[in-house]
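Novice: Sending over a structure as structure tokens; questions will come in a sec.
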Amino acid sequence: MSVSVNLGFLGVFKYYNFFANSFAELLSNFGVNGHLTTLQIILPVGISFYTFHGLSYVIDIYKDRIKPERNFVNYSLFVSYFPLLVAGPIERATHLLPQLQKPRIFNYQKSVDGLRQMLWGFFKKVVIADNCAEYANQIFNHSDQHNGWTLFLGALLFTIQIYGDFSGYSDIALGCSRLFGIELLRNFAYPYFSRDIAEFWRRWHISLSSWFKDYLYIPLGGSKGGLLMKIRNTFIIFLVSGFWHGANWTFIAWGAINAFYFLPSLLFNTNRNNIEIVAKGRLFPTLSELFNMSVTFILAVLAWIFFRANDLHHAIQYLDAMFTNILNVNSLVEAATFVTKTIGFALPLFTVLFFVVEWIGREQNHPLAKFAISWPKPLRLFLYYCIVMVIFLFTGKEQKFIYFQF
């Protein structure tokens, strides 16, 4: 009953209109004029997250992993813990509830580390993601006016945007929680430095991937059955993961594409080849590692086009126009002109610095954990103040308006 109620709320608020419209379109293909009533309702903030929290809690009790929580305040706090409701991570009752049940003592070092992680999260979200979104939207919303390299630039900008959005929010949530003496699950571990798709999915939205693995993939049989069962379960996981992100066929297509990407690792049993972070203990990767990272990154860029497109037709048109003229010199000139005249040089510079800092700090839980830690304190504080000023100066217009209202 609890699983049905949780999925029922999610289905009604998030997916009812999608299924109603899709069914009406299916009927129209057979000449039947179907008018299904849709719901004019507002999607509750964070419903996907607290629905999964409630599901994991009940399932863990059923599996005897935890005991029922008798304190309603602790239970409510676990389900609706505010730092993670917008973009995760998806917490487990076995991990978060015990932390809520015991007294928490302020820890200065953890709090400082939490503030560092929040600072980097705001930089990723406000400076990188929000500014990349502005130009990615320009290209995607007028994709019929561009071709070749400009469209690839739009896909690249969205690739950086979505990482900055998701991981930035997660960093803010983890850092904020550390101020309260609570450690949340790590959600991103430098996924764009992955050497294959299997490693990418171990590092991208970790809490979601592990949730689906424990509560869907393993109950379906996991990897214990034959090859066909493994392939079936893999596709189910990726399709459901795509559908979880949004009620649109583009998200399902994005999940299917990533399932196909994952198949070679599954078929040749290479999905555990790259466990450690790339170039561990070294400053530079080998040529082989650099090549593998580049291929994996480009595959991710192509898949993100479906995630961002308005519909499947838009995604296919976008890809067709991008590859049709990508070898044209004029297309490269157009993209370069878009960068110099529309984007400018500040965003590319900060994006390069962003990835450099992430690369240097890739062996830590977050890049600023050890970055510049050996510098003299005044110089280190100056670095943090510079990041704060960049966050303020390069905040998008909408966010600046909100700040000035306060």
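Letters A, B, ... go to the chains of the structure tokens in the order shown; residues in each chain start at 1; ligands are counted from 1 in the same order.
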Report as number ranges by chain all protein, DNA and RNA residues lying within 12 Å of Trp359 in chain A, evaluated on only C-alpha atoms, omitting residues in the same chain fewer than 2 positions from it.
Specialist: A: 189-194, 277-285, 352-357, 361-364, 366-368, 371
Novice: What lies within 12 Å of Gln317 in chain A using only C-alpha atoms, ignoring chain neighbours under 5 positions off, as a list in words?
Specialist: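 Answer for this query is Phe140, His142, Ser143, Asp144, Gln145, His146, Asn147, Gly148, Leu151, Ile305, Phe306, Ala309, Asn310, Asp311, Leu312, Met322, Phe323 and Thr324 of chain A.
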Novice: Hey, can you spit out that residue selection with N, CA and C atoms as a PDB file, in the first residue's frame?
Specialist:
ATOM      1  N   PHE A 140      19.822  26.152 -28.951  1.00  0.00           N
ATOM      2  CA  PHE A 140      18.798  25.114 -29.053  1.00  0.00           C
ATOM      3  C   PHE A 140      17.448  25.692 -29.483  1.00  0.00           C
ATOM      4  N   HIS A 142      16.914  28.201 -31.365  1.00  0.00           N
ATOM      5  CA  HIS A 142      16.978  28.661 -32.755  1.00  0.00           C
ATOM      6  C   HIS A 142      17.904  27.747 -33.563  1.00  0.00           C
ATOM      7  N   SER A 143      17.774  26.465 -33.307  1.00  0.00           N
ATOM      8  CA  SER A 143      18.681  25.507 -33.951  1.00  0.00           C
ATOM      9  C   SER A 143      18.513  25.477 -35.466  1.00  0.00           C
ATOM     10  N   ASP A 144      17.341  25.884 -35.980  1.00  0.00           N
ATOM     11  CA  ASP A 144      17.125  25.900 -37.429  1.00  0.00           C
ATOM     12  C   ASP A 144      17.932  27.005 -38.111  1.00  0.00           C
ATOM     13  N   GLN A 145      18.480  27.943 -37.322  1.00  0.00           N
ATOM     14  CA  GLN A 145      19.272  29.038 -37.883  1.00  0.00           C
ATOM     15  C   GLN A 145      20.771  28.762 -37.829  1.00  0.00           C
ATOM     16  N   HIS A 146      21.146  27.619 -37.259  1.00  0.00           N
ATOM     17  CA  HIS A 146      22.564  27.281 -37.110  1.00  0.00           C
ATOM     18  C   HIS A 146      22.827  25.906 -37.711  1.00  0.00           C
ATOM     19  N   ASN A 147      24.101  25.589 -37.839  1.00  0.00           N
ATOM     20  CA  ASN A 147      24.481  24.255 -38.306  1.00  0.00           C
ATOM     21  C   ASN A 147      25.880  23.922 -37.814  1.00  0.00           C
ATOM     22  N   GLY A 148      26.279  22.690 -38.083  1.00  0.00           N
ATOM     23  CA  GLY A 148      27.643  22.252 -37.840  1.00  0.00           C
ATOM     24  C   GLY A 148      28.170  22.554 -36.456  1.00  0.00           C
ATOM     25  N   LEU A 151      26.044  24.202 -33.618  1.00  0.00           N
ATOM     26  CA  LEU A 151      25.155  23.277 -32.926  1.00  0.00           C
ATOM     27  C   LEU A 151      25.939  22.377 -31.971  1.00  0.00           C
ATOM     28  N   ILE A 305      21.984  15.799 -26.088  1.00  0.00           N
ATOM     29  CA  ILE A 305      21.137  16.510 -27.060  1.00  0.00           C
ATOM     30  C   ILE A 305      19.690  16.057 -26.915  1.00  0.00           C
ATOM     31  N   PHE A 306      19.480  14.764 -26.714  1.00  0.00           N
ATOM     32  CA  PHE A 306      18.120  14.249 -26.528  1.00  0.00           C
ATOM     33  C   PHE A 306      17.544  14.734 -25.202  1.00  0.00           C
ATOM     34  N   ALA A 309      16.603  18.535 -25.932  1.00  0.00           N
ATOM     35  CA  ALA A 309      15.690  18.854 -27.042  1.00  0.00           C
ATOM     36  C   ALA A 309      14.244  18.942 -26.576  1.00  0.00           C
ATOM     37  N   ASN A 310      13.441  19.712 -27.325  1.00  0.00           N
ATOM     38  CA  ASN A 310      12.027  19.884 -26.979  1.00  0.00           C
ATOM     39  C   ASN A 310      11.242  18.595 -27.182  1.00  0.00           C
ATOM     40  N   ASP A 311      11.575  17.858 -28.238  1.00  0.00           N
ATOM     41  CA  ASP A 311      10.923  16.581 -28.523  1.00  0.00           C
ATOM     42  C   ASP A 311      11.867  15.756 -29.386  1.00  0.00           C
ATOM     43  N   LEU A 312      11.449  14.534 -29.706  1.00  0.00           N
ATOM     44  CA  LEU A 312      12.311  13.643 -30.492  1.00  0.00           C
ATOM     45  C   LEU A 312      12.603  14.207 -31.873  1.00  0.00           C
ATOM     46  N   MET A 322      23.687  19.202 -37.384  1.00  0.00           N
ATOM     47  CA  MET A 322      25.031  19.306 -36.810  1.00  0.00           C
ATOM     48  C   MET A 322      26.045  18.522 -37.633  1.00  0.00           C
ATOM     49  N   PHE A 323      25.706  17.287 -38.000  1.00  0.00           N
ATOM     50  CA  PHE A 323      26.662  16.450 -38.725  1.00  0.00           C
ATOM     51  C   PHE A 323      26.708  16.751 -40.220  1.00  0.00           C
ATOM     52  N   THR A 324      25.653  17.360 -40.747  1.00  0.00           N
ATOM     53  CA  THR A 324      25.624  17.654 -42.182  1.00  0.00           C
ATOM     54  C   THR A 324      26.702  18.651 -42.566  1.00  0.00           C
TER      55      THR A 324
END
Novice: Please run DSSP on the backbone and report, as a PyMOL selection string, all residues within range 7-177 of chain A that come out as helix (DSSP H, G or I).
Specialist: chain A and resi 7-29+47-62+72-79+82-84+93-101+108-141+143-145+148-177
Novice: What's the separation between CA of Val79 in chain A and CA of Gly54 in chain A, in Å to one decimal place?
Specialist: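 These two atoms are separated by 6.2 Å.
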Novice: Pick out the closest residue to Thr395 in chain A from this set: A:Asn131, A:Ser48, A:Gln99, A:Thr340. Count only C-alpha atoms.
Specialist: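 Using only C-alpha atoms, the shortest distance to Thr395 in chain A belongs to A:Asn131.
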Novice: Which one is closest to Ile387 in chain A: A:Tyr108, A:Tyr15, A:Phe307, A:Trp120? Count only C-alpha atoms.
Specialist: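 Among A:Tyr108, A:Tyr15, A:Phe307, A:Trp120, it is A:Trp120 that comes nearest to Ile387 in chain A.
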Novice: Just the number, please: distance in Å from CA of Glu69 in chain A to CA of Glu91 in chain A, one decimal.
Specialist: 15.5 Å
Novice: What is the CA of Lys341 in chain A-CA of Phe152 in chain A distance in Å, reported with one decimal?
Specialist: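 Atom-to-atom, CA of Lys341 in chain A to CA of Phe152 in chain A, that is 17.3 Å.
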